[in-house]
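Colleague: Okay, handing you the structure first.
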Amino acid sequence: MQLSGRKAIVTGGARGIGASVVRAYVEQGAQVVSLDVLDEQGTALVAELERSYPGQAMFLRCDIAHKDQVDAAFSEAVAWLGGLDVLANVAAVERTALAEAIAQPDWDLIFDVNVRGTLHTNQAAFPHLQERGGRIINFGSAAGLGGMPGAAHYAASKGAVLAWTRTLAQEWARYGITVNALAPMIWTPMYDTHRAKMSAAELAAHDQMLSRLIPLGGKLGDAEQDLAPVMVFLAGEGSRFITGQTLCVDGGTVPVR
């Protein structure tokens with residue numbers, strides 16, 4: 001029970017990586033509020049956890065692109081939790097297009113959720129962590145480190161999240177707040193959607209590329225087995241002297257040069 005007594009908010013907690021984080025935190029003893037726009041899936045996950053861990057999880061609808069929704073959700077969540085120790089900001093969106101064809105609405109959506117959403121949630125967490133310290137875990141991406149052909153707007157947004165995280169870690173260290181980021185290579189529902197857009201030939205080429213790029217297993221990792229334990233570690237006492245870092249949970253991905 002590495003997180004016994006900890007109080008956490010997880011954004012994007014209804015499915016995929018976020019859901020695996022909510023589940024892992026609750027199983028490790030934390031009390032968790034999950035925020036997402038996917039009401040049905042978010043509510044179903046909490047109902048599932050309630051059967052084994054009554055009173056340990058709650059779901060609130062929140063679009064992190066909107067500051068008013070974030071502020072209201074954090075107020076309600078912290079009141080229910082009785083405080084805050086951990087923010088895991090997982091929520092994100094992805095779109096694909098060649099750089100010359102990126103549509104303004106897609107650029108705006110990605111930056112509203114991925115970048116402004118990080119701003120909104122981190123700022124909303126700050127007053128609750130300021131007095132006693134705590135953990136903020138943002139989600140970057142390998143795309144934010146090495147680029148992502150066909151998704152320059154997504155890569156740019158994640159690069160911004162990583163730069164924000166490094167700076168915040170320096171500014172908020174005096175309050176005992178650690179701020180780190182993850183750059184995962186993990187199989188998610190968003191990735192399933194990405195794969196569904198590929199032809200059979202494109203999919204075969206893509207999988208062959210992954211087999212060369214990812215030494216451990218040759219494919220994207222599993223959210224519950226490969227990423228959730230890292231998120232538990234970052235939320236706990238073992239990570240108290242780690243801040244401003246981008247942890248690559250990527251199977252040893254070999255950068256493309």
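Every chain in the structure tokens takes a letter, A first, then B, and so on in the order presented; its residues are numbered from 1, and the ligands are numbered from 1 following the presented order.
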Please return, as an NGL selection string, all residues of range 34-244 of chain A that DSSP assigns to helix (DSSP H, G or I) on the basis of the backbone.
Modeller: :A and (39-52 or 67-81 or 99-101 or 104-129 or 142-146 or 152-175 or 189-196 or 200-213 or 223-235 or 237-239)
Colleague: Contacts of range 172-178 of chain A at 9 Å or less, counting only C-alpha atoms, minus same-chain residues fewer than 4 places along, as a compact mmCIF listing (two decimals) with C-alpha atoms, in the first residue's frame?
Modeller:
```txt
# COMPACT_ATOMS: atom_id res chain seq x y z
CA PHE A 126 -0.95 24.74 -6.49
CA LEU A 129 -0.07 21.77 -2.35
CA GLN A 130 1.67 25.02 -1.37
CA GLU A 131 1.56 24.54 2.38
CA ARG A 132 2.59 20.89 2.68
CA GLY A 133 4.14 19.97 -0.67
CA GLY A 134 3.07 17.22 -3.01
CA ARG A 135 3.43 15.70 -6.44
CA ILE A 136 2.46 16.92 -9.91
CA ILE A 137 2.89 14.49 -12.78
CA THR A 167 10.36 25.38 -15.30
CA LEU A 168 7.60 24.70 -12.77
CA SER A 239 10.27 10.08 -5.53
CA ARG A 240 10.65 12.94 -3.04
CA PHE A 241 14.08 13.97 -4.41
CA ILE A 242 13.15 13.72 -8.10
CA THR A 243 11.82 16.81 -9.88
CA GLY A 244 11.99 18.51 -13.25
```
Colleague: Just to confirm, what's the straight-line distance from CA of Tyr53 in chain A to CA of Val26 in chain A in Å (one decimal)?
Modeller: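 Going from CA of Tyr53 in chain A over to CA of Val26 in chain A, I get 7.4 Å.
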Colleague: Determine, using only C-alpha atoms, which residues of range 119-152 of chain A have any atom at most 12 Å from an atom of range 105-111 of chain A, and tabulate each with its shortest atom pair and distance in Å to one decimal place, rows ordered by chain and then rising number, as JSON lines.
Modeller:
```
{"residue": "A:Leu119", "atom": "CA", "partner": "A:Phe111", "partner_atom": "CA", "distance": 10.7}
{"residue": "A:Ala151", "atom": "CA", "partner": "A:Trp107", "partner_atom": "CA", "distance": 10.1}
{"residue": "A:Ala152", "atom": "CA", "partner": "A:Trp107", "partner_atom": "CA", "distance": 9.4}
```
Colleague: Could those selected residues go to a file with C-alpha atoms, as a PDB file, in the first residue's frame?
Modeller:
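Wrote part-v5.pdb, looks like this:
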```
ATOM      1  CA  LEU A 119      -1.720  25.251 -17.126  1.00  0.00           C
ATOM      2  CA  ALA A 151       1.532  15.281 -36.135  1.00  0.00           C
ATOM      3  CA  ALA A 152       3.641  18.412 -35.710  1.00  0.00           C
TER       4      ALA A 152
END
```
Colleague: Nearest to Val161 in chain A among A:Val90, A:Leu49, A:Leu60, A:Ala223, with distances taken over only C-alpha atoms: which residue is it?
Modeller: A:Val90
Colleague: Could you work out how far CA of Arg61 in chain A lies from CA of Tyr191 in chain A, giving the answer in Å with one decimal?
Modeller: 23.0 Å
Colleague: Please provide the set of residues having any atom within 12 Å of range 40-46 of chain A, restricted to only C-alpha atoms, with same-chain residues fewer than 4 positions apart removed, written as an MDAnalysis selection string.
Modeller: chainID A and resid 10:16 18:23 26 31:36 50:62
Colleague: According to DSSP computed on the backbone, where in range 120-233 of chain A is there strand (DSSP E)? Give the residues as a ChimeraX atom specification.
Modeller: /A:134-139,177-184
Colleague: Could the residues in this selection be written to a file with N, CA and C atoms, as a CSV table (one decimal), in the first residue's frame?
Modeller:
```
chain,number,residue,atom,x,y,z
A,134,GLY,N,3.8,18.2,-2.3
A,134,GLY,CA,3.1,17.2,-3.0
A,134,GLY,C,3.7,16.9,-4.4
A,135,ARG,N,2.9,16.2,-5.2
A,135,ARG,CA,3.4,15.7,-6.4
A,135,ARG,C,2.5,16.2,-7.6
A,136,ILE,N,3.2,16.7,-8.7
A,136,ILE,CA,2.5,16.9,-9.9
A,136,ILE,C,3.2,16.1,-11.0
A,137,ILE,N,2.4,15.3,-11.7
A,137,ILE,CA,2.9,14.5,-12.8
A,137,ILE,C,2.2,14.9,-14.1
A,138,ASN,N,2.9,15.5,-15.0
A,138,ASN,CA,2.3,15.9,-16.3
A,138,ASN,C,2.6,14.8,-17.3
A,139,PHE,N,1.9,14.9,-18.4
A,139,PHE,CA,2.1,13.9,-19.5
A,139,PHE,C,2.7,14.6,-20.7
A,177,ILE,N,7.0,21.0,-3.7
A,177,ILE,CA,6.2,20.4,-4.7
A,177,ILE,C,7.2,19.8,-5.8
A,178,THR,N,7.1,18.6,-6.1
A,178,THR,CA,7.9,18.0,-7.2
A,178,THR,C,7.0,18.0,-8.5
A,179,VAL,N,7.6,18.3,-9.6
A,179,VAL,CA,6.9,18.4,-10.9
A,179,VAL,C,7.7,17.6,-11.9
A,180,ASN,N,7.1,16.5,-12.3
A,180,ASN,CA,7.8,15.6,-13.3
A,180,ASN,C,6.9,15.3,-14.5
A,181,ALA,N,7.5,14.8,-15.5
A,181,ALA,CA,6.7,14.4,-16.7
A,181,ALA,C,7.0,13.0,-17.2
A,182,LEU,N,6.0,12.4,-17.8
A,182,LEU,CA,6.2,11.1,-18.4
A,182,LEU,C,6.2,11.3,-20.0
A,183,ALA,N,7.1,10.5,-20.6
A,183,ALA,CA,7.1,10.4,-22.1
A,183,ALA,C,6.9,8.9,-22.4
A,184,PRO,N,5.6,8.5,-22.4
A,184,PRO,CA,5.4,7.0,-22.5
A,184,PRO,C,5.2,6.6,-24.0
```
Colleague: Restricting the calculation to only C-alpha atoms: of A:Leu203, A:Met185, A:Ala160, A:Met190, which residue gets closest to Gly221 in chain A?
Modeller: A:Met185
Colleague: Have a look at A:Val232, A:Cys248, A:Ala99, A:Met1 and name the one nearest to Leu145 in chain A; count only C-alpha atoms.
Modeller: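 Among the listed residues, the smallest separation from Leu145 in chain A belongs to A:Cys248.
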Colleague: Within 9 Å of Pro149 in chain A, counting only C-alpha atoms, which residues qualify if same-chain residues fewer than 4 places away don't, as a list of chain:residue names?
Modeller: A:Thr96, A:Ala97, A:Leu98, A:Ala99, A:Ala143, A:Ala155
Colleague: Between A:Glu94, A:Glu237, A:Asp222, A:Asp63, single out the one closest to Asp39 in chain A, counting only C-alpha atoms.
Modeller: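 Closest to Asp39 in chain A, using only C-alpha atoms: A:Asp63.
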